[in-house]
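**Q** Input structure: structure-v9.cif, which contains mmCIF, C-alpha atoms.
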```cif
data_upload
#
loop_
_atom_site.group_PDB
_atom_site.id
_atom_site.type_symbol
_atom_site.label_atom_id
_atom_site.label_comp_id
_atom_site.auth_asym_id
_atom_site.auth_seq_id
_atom_site.Cartn_x
_atom_site.Cartn_y
_atom_site.Cartn_z
ATOM 1 C CA MET P 1 26.813 30.609 -14.031
ATOM 2 C CA ALA P 2 23.835 28.814 -12.693
ATOM 3 C CA ASN P 3 20.120 29.160 -12.471
ATOM 4 C CA SER P 4 19.253 30.214 -8.935
ATOM 5 C CA LEU P 5 16.419 31.123 -6.667
ATOM 6 C CA TYR P 6 16.606 34.569 -5.115
ATOM 7 C CA ASP P 7 16.954 34.354 -1.346
ATOM 8 C CA HIS P 8 13.809 36.439 -0.972
ATOM 9 C CA GLY P 9 12.057 34.024 -3.298
ATOM 10 C CA ARG P 10 12.978 31.084 -1.059
ATOM 11 C CA GLU P 11 11.835 33.107 1.909
ATOM 12 C CA GLY P 12 8.545 33.812 0.171
ATOM 13 C CA PHE P 13 7.836 30.124 -0.388
ATOM 14 C CA LEU P 14 8.604 29.370 3.268
ATOM 15 C CA ASP P 15 6.588 32.172 4.830
ATOM 16 C CA GLY P 16 3.668 31.658 2.476
ATOM 17 C CA SER P 17 3.853 35.022 0.753
ATOM 18 C CA ILE P 18 4.338 33.334 -2.621
ATOM 19 C CA ASP P 19 1.651 30.953 -3.814
ATOM 20 C CA TRP P 20 2.933 29.667 -7.145
ATOM 21 C CA ASP P 21 -0.280 28.290 -8.576
ATOM 22 C CA THR P 22 -2.632 31.107 -7.515
ATOM 23 C CA ASP P 23 -0.481 34.258 -7.620
ATOM 24 C CA ASN P 24 0.251 36.189 -10.774
ATOM 25 C CA ILE P 25 3.647 34.961 -11.929
ATOM 26 C CA LYS P 26 5.493 36.597 -14.801
ATOM 27 C CA LEU P 27 8.899 36.610 -16.375
ATOM 28 C CA VAL P 28 11.069 39.458 -17.498
ATOM 29 C CA PHE P 29 13.967 39.345 -19.944
ATOM 30 C CA VAL P 30 16.973 40.985 -18.291
ATOM 31 C CA ASP P 31 19.893 42.741 -19.931
ATOM 32 C CA GLU P 32 22.528 41.968 -17.298
ATOM 33 C CA ALA P 33 24.755 44.692 -18.741
ATOM 34 C CA ASP P 34 22.413 47.248 -17.207
ATOM 35 C CA ASP P 35 22.101 45.788 -13.726
ATOM 36 C CA THR P 36 24.244 43.692 -11.431
ATOM 37 C CA ILE P 37 22.242 40.849 -10.012
ATOM 38 C CA ASP P 38 22.379 40.255 -6.261
ATOM 39 C CA LEU P 39 20.682 36.985 -5.431
ATOM 40 C CA ALA P 40 20.930 37.701 -1.719
ATOM 41 C CA LEU P 41 19.692 41.271 -1.707
ATOM 42 C CA ASP P 42 17.441 41.776 -4.740
ATOM 43 C CA GLU P 43 14.004 41.467 -3.223
ATOM 44 C CA ASP P 44 11.496 42.865 -5.665
ATOM 45 C CA LEU P 45 11.231 43.999 -9.257
ATOM 46 C CA ALA P 46 12.258 47.537 -8.311
ATOM 47 C CA ASP P 47 15.662 46.130 -7.318
ATOM 48 C CA ARG P 48 16.309 45.224 -10.946
ATOM 49 C CA ALA P 49 17.127 48.428 -12.835
ATOM 50 C CA ALA P 50 14.318 49.499 -15.144
ATOM 51 C CA ALA P 51 16.829 49.894 -17.974
ATOM 52 C CA SER P 52 17.765 46.228 -17.663
ATOM 53 C CA ARG P 53 14.207 44.965 -18.184
ATOM 54 C CA VAL P 54 13.878 44.311 -21.889
ATOM 55 C CA ASP P 55 10.315 42.981 -21.890
ATOM 56 C CA THR P 56 7.805 41.317 -19.596
ATOM 57 C CA SER P 57 5.411 38.458 -20.153
ATOM 58 C CA ASP P 58 1.739 38.141 -19.321
ATOM 59 C CA ASN P 59 0.783 35.983 -16.356
ATOM 60 C CA PHE P 60 1.906 32.368 -16.512
ATOM 61 C CA THR P 61 -0.893 29.915 -17.180
ATOM 62 C CA SER P 62 -1.470 26.248 -16.306
ATOM 63 C CA LYS P 63 0.764 26.458 -13.242
ATOM 64 C CA THR P 64 1.311 23.353 -11.162
ATOM 65 C CA VAL P 65 3.143 22.591 -7.921
ATOM 66 C CA ASP P 66 3.061 18.778 -7.773
ATOM 67 C CA ALA P 67 5.858 17.273 -5.654
ATOM 68 C CA GLY P 68 7.404 20.695 -5.125
ATOM 69 C CA VAL P 69 8.038 21.097 -8.833
ATOM 70 C CA ALA P 70 7.032 24.446 -10.305
ATOM 71 C CA ASP P 71 5.696 24.185 -13.818
ATOM 72 C CA ALA P 72 3.618 26.277 -16.188
ATOM 73 C CA ALA P 73 2.707 26.496 -19.825
ATOM 74 C CA ASP P 74 5.394 27.776 -22.155
ATOM 75 C CA VAL P 75 5.438 31.555 -22.262
ATOM 76 C CA THR P 76 5.402 33.666 -25.403
ATOM 77 C CA VAL P 77 6.178 37.357 -25.302
ATOM 78 C CA SER P 78 4.985 39.112 -28.450
ATOM 79 C CA THR P 79 6.946 41.419 -30.732
ATOM 80 C CA VAL P 80 9.935 41.901 -28.481
ATOM 81 C CA THR P 81 12.358 44.710 -29.232
ATOM 82 C CA GLY P 82 15.294 46.074 -27.263
ATOM 83 C CA ASP P 83 18.710 45.064 -26.044
ATOM 84 C CA GLU P 84 20.209 41.617 -26.016
ATOM 85 C CA PHE P 85 19.311 39.862 -22.759
ATOM 86 C CA GLU P 86 21.376 37.336 -20.894
ATOM 87 C CA SER P 87 18.918 36.063 -18.321
ATOM 88 C CA VAL P 88 15.267 35.595 -17.455
ATOM 89 C CA ASP P 89 13.848 36.547 -14.075
ATOM 90 C CA ILE P 90 10.648 35.019 -12.762
ATOM 91 C CA TYR P 91 8.721 37.100 -10.254
ATOM 92 C CA GLN P 92 5.458 37.344 -8.394
ATOM 93 C CA ASP P 93 3.546 40.236 -9.922
ATOM 94 C CA THR P 94 1.484 42.357 -7.537
ATOM 95 C CA GLY P 95 1.031 45.249 -9.923
ATOM 96 C CA THR P 96 3.547 47.291 -7.942
ATOM 97 C CA GLU P 97 7.244 46.939 -8.675
ATOM 98 C CA SER P 98 8.310 47.501 -5.082
ATOM 99 C CA THR P 99 6.199 44.590 -3.821
ATOM 100 C CA SER P 100 6.608 42.203 -6.750
ATOM 101 C CA ARG P 101 8.905 39.619 -5.223
ATOM 102 C CA MET P 102 11.750 38.126 -7.226
ATOM 103 C CA ILE P 103 11.617 34.321 -7.397
ATOM 104 C CA CYS P 104 14.439 33.057 -9.572
ATOM 105 C CA ASN P 105 16.986 33.978 -12.166
ATOM 106 C CA ILE P 106 17.633 31.775 -15.182
ATOM 107 C CA ASP P 107 20.888 32.496 -16.957
ATOM 108 C CA THR P 108 21.558 29.021 -18.222
ATOM 109 C CA ALA P 109 19.159 28.115 -20.993
ATOM 110 C CA THR P 110 19.346 27.046 -24.582
ATOM 111 C CA GLY P 111 19.214 30.188 -26.679
ATOM 112 C CA LEU P 112 20.663 32.584 -24.103
ATOM 113 C CA PRO P 113 21.844 35.236 -24.589
ATOM 114 C CA ALA P 114 19.112 36.207 -27.026
ATOM 115 C CA THR P 115 18.704 39.251 -29.213
ATOM 116 C CA PRO P 116 15.189 40.508 -29.859
ATOM 117 C CA ASN P 117 14.372 41.154 -33.487
ATOM 118 C CA GLY P 118 10.827 42.419 -33.235
ATOM 119 C CA GLY P 119 9.386 38.926 -33.401
ATOM 120 C CA ASP P 120 7.836 36.812 -30.662
ATOM 121 C CA ILE P 121 10.059 35.145 -28.082
ATOM 122 C CA THR P 122 8.969 31.889 -26.521
ATOM 123 C CA VAL P 123 10.381 30.420 -23.339
ATOM 124 C CA GLN P 124 9.897 26.695 -23.516
ATOM 125 C CA TRP P 125 10.191 25.052 -20.102
ATOM 126 C CA ASP P 126 12.081 21.839 -19.611
ATOM 127 C CA SER P 127 9.832 18.810 -19.879
ATOM 128 C CA GLY P 128 12.151 16.728 -17.653
ATOM 129 C CA ALA P 129 11.726 16.050 -13.951
ATOM 130 C CA ASN P 130 12.608 19.532 -12.720
ATOM 131 C CA LYS P 131 10.390 21.518 -15.131
ATOM 132 C CA ILE P 132 11.005 25.204 -14.283
ATOM 133 C CA PHE P 133 12.492 24.448 -10.863
ATOM 134 C CA LYS P 134 12.113 22.016 -8.029
ATOM 135 C CA LEU P 135 12.272 23.104 -4.395
ATOM 136 C CA MET Y 1 50.453 60.614 12.975
ATOM 137 C CA VAL Y 2 53.196 63.125 13.727
ATOM 138 C CA LEU Y 3 55.707 60.311 13.500
ATOM 139 C CA ALA Y 4 54.284 59.185 10.158
ATOM 140 C CA ALA Y 5 54.337 62.694 8.744
ATOM 141 C CA ARG Y 6 57.950 63.295 9.735
ATOM 142 C CA ILE Y 7 59.311 59.823 9.252
ATOM 143 C CA LYS Y 8 61.996 61.110 6.873
ATOM 144 C CA ALA Y 9 63.442 63.222 9.684
ATOM 145 C CA LEU Y 10 63.978 60.171 11.865
ATOM 146 C CA THR Y 11 67.453 58.695 12.084
ATOM 147 C CA VAL Y 12 68.548 55.467 13.702
ATOM 148 C CA ARG Y 13 72.182 55.177 14.742
ATOM 149 C CA VAL Y 14 74.360 52.760 16.609
ATOM 150 C CA GLN Y 15 76.699 53.875 19.360
ATOM 151 C CA GLY Y 16 78.598 50.985 20.797
ATOM 152 C CA GLU Y 17 76.048 48.544 22.273
ATOM 153 C CA ARG Y 18 73.252 51.082 22.165
ATOM 154 C CA VAL Y 19 70.800 52.128 19.489
ATOM 155 C CA LEU Y 20 69.948 55.802 19.216
ATOM 156 C CA LEU Y 21 66.798 57.232 17.694
ATOM 157 C CA LEU Y 22 67.147 60.830 16.577
ATOM 158 C CA HIS Y 23 64.533 63.219 15.292
ATOM 159 C CA ASP Y 24 65.781 66.357 13.538
ATOM 160 C CA GLY Y 25 69.178 65.706 15.104
ATOM 161 C CA ARG Y 26 67.741 65.522 18.640
ATOM 162 C CA LEU Y 27 67.946 62.335 20.666
ATOM 163 C CA VAL Y 28 64.515 60.758 21.116
ATOM 164 C CA ALA Y 29 65.487 57.350 22.466
ATOM 165 C CA ASP Y 30 68.682 55.707 23.665
ATOM 166 C CA LEU Y 31 68.109 51.970 23.846
ATOM 167 C CA PRO Y 32 70.200 48.911 24.702
ATOM 168 C CA TRP Y 33 70.379 46.639 21.641
ATOM 169 C CA LYS Y 34 67.975 44.061 23.166
ATOM 170 C CA ALA Y 35 65.350 46.714 23.882
ATOM 171 C CA ALA Y 36 65.786 48.108 20.344
ATOM 172 C CA GLN Y 37 65.298 44.616 18.942
ATOM 173 C CA ALA Y 38 62.130 44.133 21.014
ATOM 174 C CA LEU Y 39 60.815 47.543 19.958
ATOM 175 C CA ALA Y 40 61.493 46.747 16.291
ATOM 176 C CA LYS Y 41 59.584 43.459 16.599
ATOM 177 C CA ALA Y 42 56.650 45.165 18.303
ATOM 178 C CA LEU Y 43 56.599 47.906 15.670
ATOM 179 C CA ALA Y 44 56.694 45.373 12.836
ATOM 180 C CA PHE Y 45 53.887 43.353 14.451
ATOM 181 C CA GLN Y 46 51.666 46.390 14.975
ATOM 182 C CA ALA Y 47 52.490 47.684 11.487
ATOM 183 C CA ASN Y 48 51.326 44.368 10.037
ATOM 184 C CA ARG Y 49 48.076 44.604 11.974
ATOM 185 C CA ALA Y 50 47.572 48.182 10.839
ATOM 186 C CA GLU Y 51 48.218 47.083 7.234
ATOM 187 C CA GLU Y 52 45.683 44.292 7.679
ATOM 188 C CA TRP Y 53 43.064 46.838 8.725
ATOM 189 C CA ALA Y 54 43.990 49.162 5.883
ATOM 190 C CA LYS Y 55 43.434 46.259 3.469
ATOM 191 C CA ALA Y 56 40.566 44.663 5.414
ATOM 192 C CA GLU Y 57 38.159 44.542 2.458
ATOM 193 C CA ARG Y 58 40.701 42.793 0.235
ATOM 194 C CA VAL Y 59 41.708 40.373 3.000
ATOM 195 C CA ALA Y 60 38.042 39.543 3.679
ATOM 196 C CA LEU Y 61 37.383 38.856 0.001
ATOM 197 C CA ASP Y 62 40.507 36.688 -0.379
ATOM 198 C CA GLN Y 63 39.574 34.803 2.785
ATOM 199 C CA ALA Y 64 36.026 34.366 1.482
ATOM 200 C CA ILE Y 65 37.385 32.834 -1.740
ATOM 201 C CA LEU Y 66 39.424 30.361 0.327
ATOM 202 C CA MET Y 67 36.393 29.514 2.467
ATOM 203 C CA ARG Y 68 34.213 29.098 -0.604
ATOM 204 C CA THR Y 69 36.722 26.728 -2.209
ATOM 205 C CA GLY Y 70 37.245 24.805 1.019
ATOM 206 C CA ALA Y 71 40.943 25.655 1.369
ATOM 207 C CA PRO Y 72 41.736 24.908 5.025
ATOM 208 C CA PHE Y 73 43.864 27.914 5.952
ATOM 209 C CA GLY Y 74 43.304 31.454 7.063
ATOM 210 C CA LEU Y 75 44.735 34.796 6.037
ATOM 211 C CA THR Y 76 43.892 36.557 9.283
ATOM 212 C CA ASP Y 77 43.004 35.847 12.881
ATOM 213 C CA ASP Y 78 40.977 39.022 13.216
ATOM 214 C CA TRP Y 79 37.426 38.039 14.154
ATOM 215 C CA ALA Y 80 35.819 41.073 12.536
ATOM 216 C CA ILE Y 81 37.495 40.387 9.181
ATOM 217 C CA LEU Y 82 36.778 36.656 9.473
ATOM 218 C CA GLY Y 83 33.124 37.455 10.168
ATOM 219 C CA GLU Y 84 32.935 39.616 7.068
ATOM 220 C CA ALA Y 85 34.672 36.872 5.069
ATOM 221 C CA ARG Y 86 32.111 34.325 6.268
ATOM 222 C CA LYS Y 87 29.284 36.617 5.130
ATOM 223 C CA LEU Y 88 30.927 37.128 1.740
ATOM 224 C CA ALA Y 89 31.545 33.393 1.314
ATOM 225 C CA ALA Y 90 27.898 32.652 1.980
ATOM 226 C CA TRP Y 91 26.150 35.544 0.271
ATOM 227 C CA ASP Y 92 28.321 37.415 -2.195
ATOM 228 C CA SER Y 93 26.604 36.986 -5.529
ATOM 229 C CA ARG Y 94 29.843 36.924 -7.562
ATOM 230 C CA LEU Y 95 31.338 34.184 -5.396
ATOM 231 C CA ARG Y 96 28.076 32.240 -5.425
ATOM 232 C CA ARG Y 97 27.955 32.463 -9.171
ATOM 233 C CA TYR Y 98 31.564 31.710 -10.028
ATOM 234 C CA ILE Y 99 32.478 29.378 -7.163
ATOM 235 C CA PRO Y 100 29.255 27.474 -6.676
ATOM 236 C CA SER Y 101 30.690 25.020 -4.171
ATOM 237 C CA ILE Y 102 28.025 25.776 -1.575
ATOM 238 C CA ARG Y 103 25.139 24.436 -3.537
ATOM 239 C CA SER Y 104 21.537 25.032 -2.685
ATOM 240 C CA ARG Y 105 19.397 21.961 -3.055
ATOM 241 C CA GLU Y 106 16.855 23.257 -5.511
ATOM 242 C CA ALA Y 107 17.094 21.985 -9.053
ATOM 243 C CA PHE Y 108 16.271 23.658 -12.313
ATOM 244 C CA GLY Y 109 15.220 22.340 -15.645
ATOM 245 C CA ARG Y 110 16.933 23.732 -18.699
ATOM 246 C CA PRO Y 111 14.503 25.902 -20.609
ATOM 247 C CA ALA Y 112 14.894 27.057 -24.166
ATOM 248 C CA VAL Y 113 14.512 30.641 -25.306
ATOM 249 C CA ILE Y 114 13.293 30.697 -28.874
ATOM 250 C CA VAL Y 115 13.474 33.917 -30.842
ATOM 251 C CA GLU Y 116 11.044 33.748 -33.717
ATOM 252 C CA GLU Y 117 11.440 35.676 -36.937
ATOM 253 C CA ALA Y 118 9.786 39.077 -36.957
ATOM 254 C CA LYS Y 119 6.672 39.069 -39.070
ATOM 255 C CA ASP Y 120 7.160 40.795 -42.412
ATOM 256 C CA VAL Y 121 4.427 43.462 -42.367
ATOM 257 C CA ARG Y 122 4.724 44.129 -46.105
ATOM 258 C CA LYS Y 123 4.018 40.485 -46.944
ATOM 259 C CA GLU Y 124 0.961 40.521 -44.728
ATOM 260 C CA GLU Y 125 -0.280 43.649 -46.440
ATOM 261 C CA ASP Y 126 0.134 41.962 -49.858
#
```
Would you mind writing the structure in this file as structure tokens?

**A**
Amino acid sequence: MANSLYDHGREGFLDGSIDWDTDNIKLVFVDEADDTIDLALDEDLADRAAASRVDTSDNFTSKTVDAGVADAADVTVSTVTGDEFESVDIYQDTGTESTSRMICNIDTATGLPATPNGGDITVQWDSGANKIFKL
Amino acid sequence: MVLAARIKALTVRVQGERVLLLHDGRLVADLPWKAAQALAKALAFQANRAEEWAKAERVALDQAILMRTGAPFGLTDDWAILGEARKLAAWDSRLRRYIPSIRSREAFGRPAVIVEEAKDVRKEED
């Protein structure tokens, strides 16, 4: 188990189709029991089964890219209900699932797996050197 | 295929220095013992190759596990199966997840997911 970039996410950073600090970036809580992740082939949000997506955040705010380190303000998703989720996907939101490119999957985090109880869920990013991730 | 379907009707007998192959009681081949030995070796070799193809997916996955772990030996010399094994070793998500020996260079922080208590609506109403 390891946090990983999707191959299409890496590709997006290299070909310029993902601009971390100007694009709309969101996260989605993923119930891995309802979808088998494929880091090499999952390209966009539509490749993650709808049933596996427990809840989605608003756009990240305060994003930074200094020294190749992706960071943003902590994210709170309000009144989350649904299945237990084992991982968090970060993706570039275009408003259309089939073009919203997957960036990374986080399955190793304090508090995972988590079970929604109707309350808010906050994802608090690491304040160390790597923040969310470092390319 | 005919041979495979009727394999039970095949009989192999020895007559002096010769090996006889009979099908339904009729003589199919009458071979000197050296030729019979060579034929048996060739059949066994080709049977092994046919088995390898029948189990190609499994062989490719096992080979990919060896490649992923860096074990320096091969299970097959078939280039097509080796090619598939190389692809699996590099890209198969299960192998990447559970045998992460080919590490990408990116680094992640360790976030925390904090589930807060649901607000008690009745208390708020009070």

**Q** Would you kindly report the residues of chain P within 10 Å of chain Y, using all atoms listed in the file, as a PDB file with C-alpha atoms, in the coordinates of the input?

**A**
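out-v5.pdb, freshly written:
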```pdb
ATOM      1  CA  MET P   1      26.813  30.609 -14.031  1.00  0.00           C
ATOM      2  CA  ALA P   2      23.835  28.814 -12.693  1.00  0.00           C
ATOM      3  CA  ASN P   3      20.120  29.160 -12.471  1.00  0.00           C
ATOM      4  CA  SER P   4      19.253  30.214  -8.935  1.00  0.00           C
ATOM      5  CA  LEU P   5      16.419  31.123  -6.667  1.00  0.00           C
ATOM      6  CA  ASP P   7      16.954  34.354  -1.346  1.00  0.00           C
ATOM      7  CA  ARG P  10      12.978  31.084  -1.059  1.00  0.00           C
ATOM      8  CA  THR P  36      24.244  43.692 -11.431  1.00  0.00           C
ATOM      9  CA  ILE P  37      22.242  40.849 -10.012  1.00  0.00           C
ATOM     10  CA  ASP P  38      22.379  40.255  -6.261  1.00  0.00           C
ATOM     11  CA  LEU P  39      20.682  36.985  -5.431  1.00  0.00           C
ATOM     12  CA  ALA P  40      20.930  37.701  -1.719  1.00  0.00           C
ATOM     13  CA  LEU P  41      19.692  41.271  -1.707  1.00  0.00           C
ATOM     14  CA  GLY P  68       7.404  20.695  -5.125  1.00  0.00           C
ATOM     15  CA  VAL P  69       8.038  21.097  -8.833  1.00  0.00           C
ATOM     16  CA  ALA P  70       7.032  24.446 -10.305  1.00  0.00           C
ATOM     17  CA  ASP P  71       5.696  24.185 -13.818  1.00  0.00           C
ATOM     18  CA  ASP P  74       5.394  27.776 -22.155  1.00  0.00           C
ATOM     19  CA  VAL P  75       5.438  31.555 -22.262  1.00  0.00           C
ATOM     20  CA  THR P  76       5.402  33.666 -25.403  1.00  0.00           C
ATOM     21  CA  VAL P  77       6.178  37.357 -25.302  1.00  0.00           C
ATOM     22  CA  SER P  78       4.985  39.112 -28.450  1.00  0.00           C
ATOM     23  CA  THR P  79       6.946  41.419 -30.732  1.00  0.00           C
ATOM     24  CA  VAL P  80       9.935  41.901 -28.481  1.00  0.00           C
ATOM     25  CA  THR P  81      12.358  44.710 -29.232  1.00  0.00           C
ATOM     26  CA  SER P  87      18.918  36.063 -18.321  1.00  0.00           C
ATOM     27  CA  VAL P  88      15.267  35.595 -17.455  1.00  0.00           C
ATOM     28  CA  CYS P 104      14.439  33.057  -9.572  1.00  0.00           C
ATOM     29  CA  ILE P 106      17.633  31.775 -15.182  1.00  0.00           C
ATOM     30  CA  ASP P 107      20.888  32.496 -16.957  1.00  0.00           C
ATOM     31  CA  THR P 108      21.558  29.021 -18.222  1.00  0.00           C
ATOM     32  CA  ALA P 109      19.159  28.115 -20.993  1.00  0.00           C
ATOM     33  CA  THR P 110      19.346  27.046 -24.582  1.00  0.00           C
ATOM     34  CA  GLY P 111      19.214  30.188 -26.679  1.00  0.00           C
ATOM     35  CA  LEU P 112      20.663  32.584 -24.103  1.00  0.00           C
ATOM     36  CA  PRO P 113      21.844  35.236 -24.589  1.00  0.00           C
ATOM     37  CA  ALA P 114      19.112  36.207 -27.026  1.00  0.00           C
ATOM     38  CA  THR P 115      18.704  39.251 -29.213  1.00  0.00           C
ATOM     39  CA  PRO P 116      15.189  40.508 -29.859  1.00  0.00           C
ATOM     40  CA  ASN P 117      14.372  41.154 -33.487  1.00  0.00           C
ATOM     41  CA  GLY P 118      10.827  42.419 -33.235  1.00  0.00           C
ATOM     42  CA  GLY P 119       9.386  38.926 -33.401  1.00  0.00           C
ATOM     43  CA  ASP P 120       7.836  36.812 -30.662  1.00  0.00           C
ATOM     44  CA  ILE P 121      10.059  35.145 -28.082  1.00  0.00           C
ATOM     45  CA  THR P 122       8.969  31.889 -26.521  1.00  0.00           C
ATOM     46  CA  VAL P 123      10.381  30.420 -23.339  1.00  0.00           C
ATOM     47  CA  GLN P 124       9.897  26.695 -23.516  1.00  0.00           C
ATOM     48  CA  TRP P 125      10.191  25.052 -20.102  1.00  0.00           C
ATOM     49  CA  ASP P 126      12.081  21.839 -19.611  1.00  0.00           C
ATOM     50  CA  SER P 127       9.832  18.810 -19.879  1.00  0.00           C
ATOM     51  CA  GLY P 128      12.151  16.728 -17.653  1.00  0.00           C
ATOM     52  CA  ALA P 129      11.726  16.050 -13.951  1.00  0.00           C
ATOM     53  CA  ASN P 130      12.608  19.532 -12.720  1.00  0.00           C
ATOM     54  CA  LYS P 131      10.390  21.518 -15.131  1.00  0.00           C
ATOM     55  CA  ILE P 132      11.005  25.204 -14.283  1.00  0.00           C
ATOM     56  CA  PHE P 133      12.492  24.448 -10.863  1.00  0.00           C
ATOM     57  CA  LYS P 134      12.113  22.016  -8.029  1.00  0.00           C
ATOM     58  CA  LEU P 135      12.272  23.104  -4.395  1.00  0.00           C
TER      59      LEU P 135
END
```

**Q** Find the residues around Asp83 in chain P up to 10 Å (all atoms listed in the file counted), leave out those fewer than 6 positions away in its own chain, and share them as a PDB file with C-alpha atoms, in the frame of the given file.

**A**
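Output file around_10.pdb follows:
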```
ATOM      1  CA  PHE P  29      13.967  39.345 -19.944  1.00  0.00           C
ATOM      2  CA  VAL P  30      16.973  40.985 -18.291  1.00  0.00           C
ATOM      3  CA  ASP P  31      19.893  42.741 -19.931  1.00  0.00           C
ATOM      4  CA  ALA P  33      24.755  44.692 -18.741  1.00  0.00           C
ATOM      5  CA  ASP P  34      22.413  47.248 -17.207  1.00  0.00           C
ATOM      6  CA  ALA P  51      16.829  49.894 -17.974  1.00  0.00           C
ATOM      7  CA  SER P  52      17.765  46.228 -17.663  1.00  0.00           C
ATOM      8  CA  ARG P  53      14.207  44.965 -18.184  1.00  0.00           C
ATOM      9  CA  VAL P  54      13.878  44.311 -21.889  1.00  0.00           C
ATOM     10  CA  ASP P  55      10.315  42.981 -21.890  1.00  0.00           C
ATOM     11  CA  ALA P 114      19.112  36.207 -27.026  1.00  0.00           C
ATOM     12  CA  THR P 115      18.704  39.251 -29.213  1.00  0.00           C
ATOM     13  CA  PRO P 116      15.189  40.508 -29.859  1.00  0.00           C
ATOM     14  CA  ASN P 117      14.372  41.154 -33.487  1.00  0.00           C
TER      15      ASN P 117
END
```

**Q** Could you give me, as a list in words, the residues within 7 Å of range 90-94 of chain P, counting only C-alpha atoms and dropping anything in the same chain fewer than 6 positions from it?

**A**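 Close residues of range 90-94 of chain P: Asp23, Asn24, Ile25, Lys26, Leu27, Val28, Ser100, Arg101, Met102, Ile103, Cys104 and Asn105 of chain P.
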
**Q** In Å, with one decimal, what is the gap from CA of Thr61 in chain P to CA of Asp21 in chain P?

**A** 8.8 Å

**Q** One decimal, in Å: what's the spacing between CA of Ala85 in chain Y and CA of Ala56 in chain Y?

**A**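 Pair CA of Ala85 in chain Y / CA of Ala56 in chain Y returns 9.8 Å.
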
**Q** Tell me which of Y:Gln15, Y:Gln46, Y:Gln37, Y:Gln63 sits closest to Leu88 in chain Y, counting only C-alpha atoms.

**A**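 Ranked by minimum distance to Leu88 in chain Y, first place goes to Y:Gln63.
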
**Q** Could you give me, as a ChimeraX atom specification, the residues that sit within 12 Å of (70.7, 56.1, 16.4) in the file's coordinates, counting all atoms listed in the file?

**A** /Y:10-33,36

**Q** Output C-alpha atoms for every residue in the selection just made, as a short mmCIF file (atom, residue, chain, number, x, y, z; two decimals), in the frame of the given file.

**A**
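Once everything was written out, this is out-v4.cif:
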```cif
data_model
loop_
_atom_site.label_atom_id
_atom_site.label_comp_id
_atom_site.auth_asym_id
_atom_site.auth_seq_id
_atom_site.Cartn_x
_atom_site.Cartn_y
_atom_site.Cartn_z
CA LEU Y 10 63.98 60.17 11.86
CA THR Y 11 67.45 58.70 12.08
CA VAL Y 12 68.55 55.47 13.70
CA ARG Y 13 72.18 55.18 14.74
CA VAL Y 14 74.36 52.76 16.61
CA GLN Y 15 76.70 53.88 19.36
CA GLY Y 16 78.60 50.98 20.80
CA GLU Y 17 76.05 48.54 22.27
CA ARG Y 18 73.25 51.08 22.16
CA VAL Y 19 70.80 52.13 19.49
CA LEU Y 20 69.95 55.80 19.22
CA LEU Y 21 66.80 57.23 17.69
CA LEU Y 22 67.15 60.83 16.58
CA HIS Y 23 64.53 63.22 15.29
CA ASP Y 24 65.78 66.36 13.54
CA GLY Y 25 69.18 65.71 15.10
CA ARG Y 26 67.74 65.52 18.64
CA LEU Y 27 67.95 62.34 20.67
CA VAL Y 28 64.52 60.76 21.12
CA ALA Y 29 65.49 57.35 22.47
CA ASP Y 30 68.68 55.71 23.66
CA LEU Y 31 68.11 51.97 23.85
CA PRO Y 32 70.20 48.91 24.70
CA TRP Y 33 70.38 46.64 21.64
CA ALA Y 36 65.79 48.11 20.34
#
```

**Q** Which residue gives the smallest distance to Leu66 in chain Y among Y:Glu51, Y:Ala89, Y:Asp78, Y:Phe45, with only C-alpha atoms counted?

**A**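 Nearest to Leu66 in chain Y: Y:Ala89.
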
**Q** Just how far from CA of Ser98 in chain P is CA of Lys87 in chain Y, in Å to one decimal?

**A**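 One can read the CA of Lys87 in chain Y to CA of Ser98 in chain P distance as 25.7 Å.
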
**Q** How big is the axis-aligned box around all listed atoms of range 60-73 of chain Y once 3 Å goes on each side, and where's its centre, in Å to one decimal, as JSON?

**A**
```
{"center_x": 39.0, "center_y": 32.2, "center_z": 1.9, "size_x": 15.7, "size_y": 20.7, "size_z": 14.2}
```

**Q** Give as a PDB file with C-alpha atoms, in the frame of the given file the residues that the PyMOL selection byres ((chain Y and resi 74) around 12) matches when applied to the coordinates above.

**A**
```pdb
ATOM      1  CA  VAL Y  59      41.708  40.373   3.000  1.00  0.00           C
ATOM      2  CA  ALA Y  60      38.042  39.543   3.679  1.00  0.00           C
ATOM      3  CA  LEU Y  61      37.383  38.856   0.001  1.00  0.00           C
ATOM      4  CA  ASP Y  62      40.507  36.688  -0.379  1.00  0.00           C
ATOM      5  CA  GLN Y  63      39.574  34.803   2.785  1.00  0.00           C
ATOM      6  CA  ALA Y  64      36.026  34.366   1.482  1.00  0.00           C
ATOM      7  CA  ILE Y  65      37.385  32.834  -1.740  1.00  0.00           C
ATOM      8  CA  LEU Y  66      39.424  30.361   0.327  1.00  0.00           C
ATOM      9  CA  MET Y  67      36.393  29.514   2.467  1.00  0.00           C
ATOM     10  CA  GLY Y  70      37.245  24.805   1.019  1.00  0.00           C
ATOM     11  CA  ALA Y  71      40.943  25.655   1.369  1.00  0.00           C
ATOM     12  CA  PRO Y  72      41.736  24.908   5.025  1.00  0.00           C
ATOM     13  CA  PHE Y  73      43.864  27.914   5.952  1.00  0.00           C
ATOM     14  CA  LEU Y  75      44.735  34.796   6.037  1.00  0.00           C
ATOM     15  CA  THR Y  76      43.892  36.557   9.283  1.00  0.00           C
ATOM     16  CA  ASP Y  77      43.004  35.847  12.881  1.00  0.00           C
ATOM     17  CA  ASP Y  78      40.977  39.022  13.216  1.00  0.00           C
ATOM     18  CA  TRP Y  79      37.426  38.039  14.154  1.00  0.00           C
ATOM     19  CA  ILE Y  81      37.495  40.387   9.181  1.00  0.00           C
ATOM     20  CA  LEU Y  82      36.778  36.656   9.473  1.00  0.00           C
ATOM     21  CA  ALA Y  85      34.672  36.872   5.069  1.00  0.00           C
ATOM     22  CA  ARG Y  86      32.111  34.325   6.268  1.00  0.00           C
TER      23      ARG Y  86
END
```
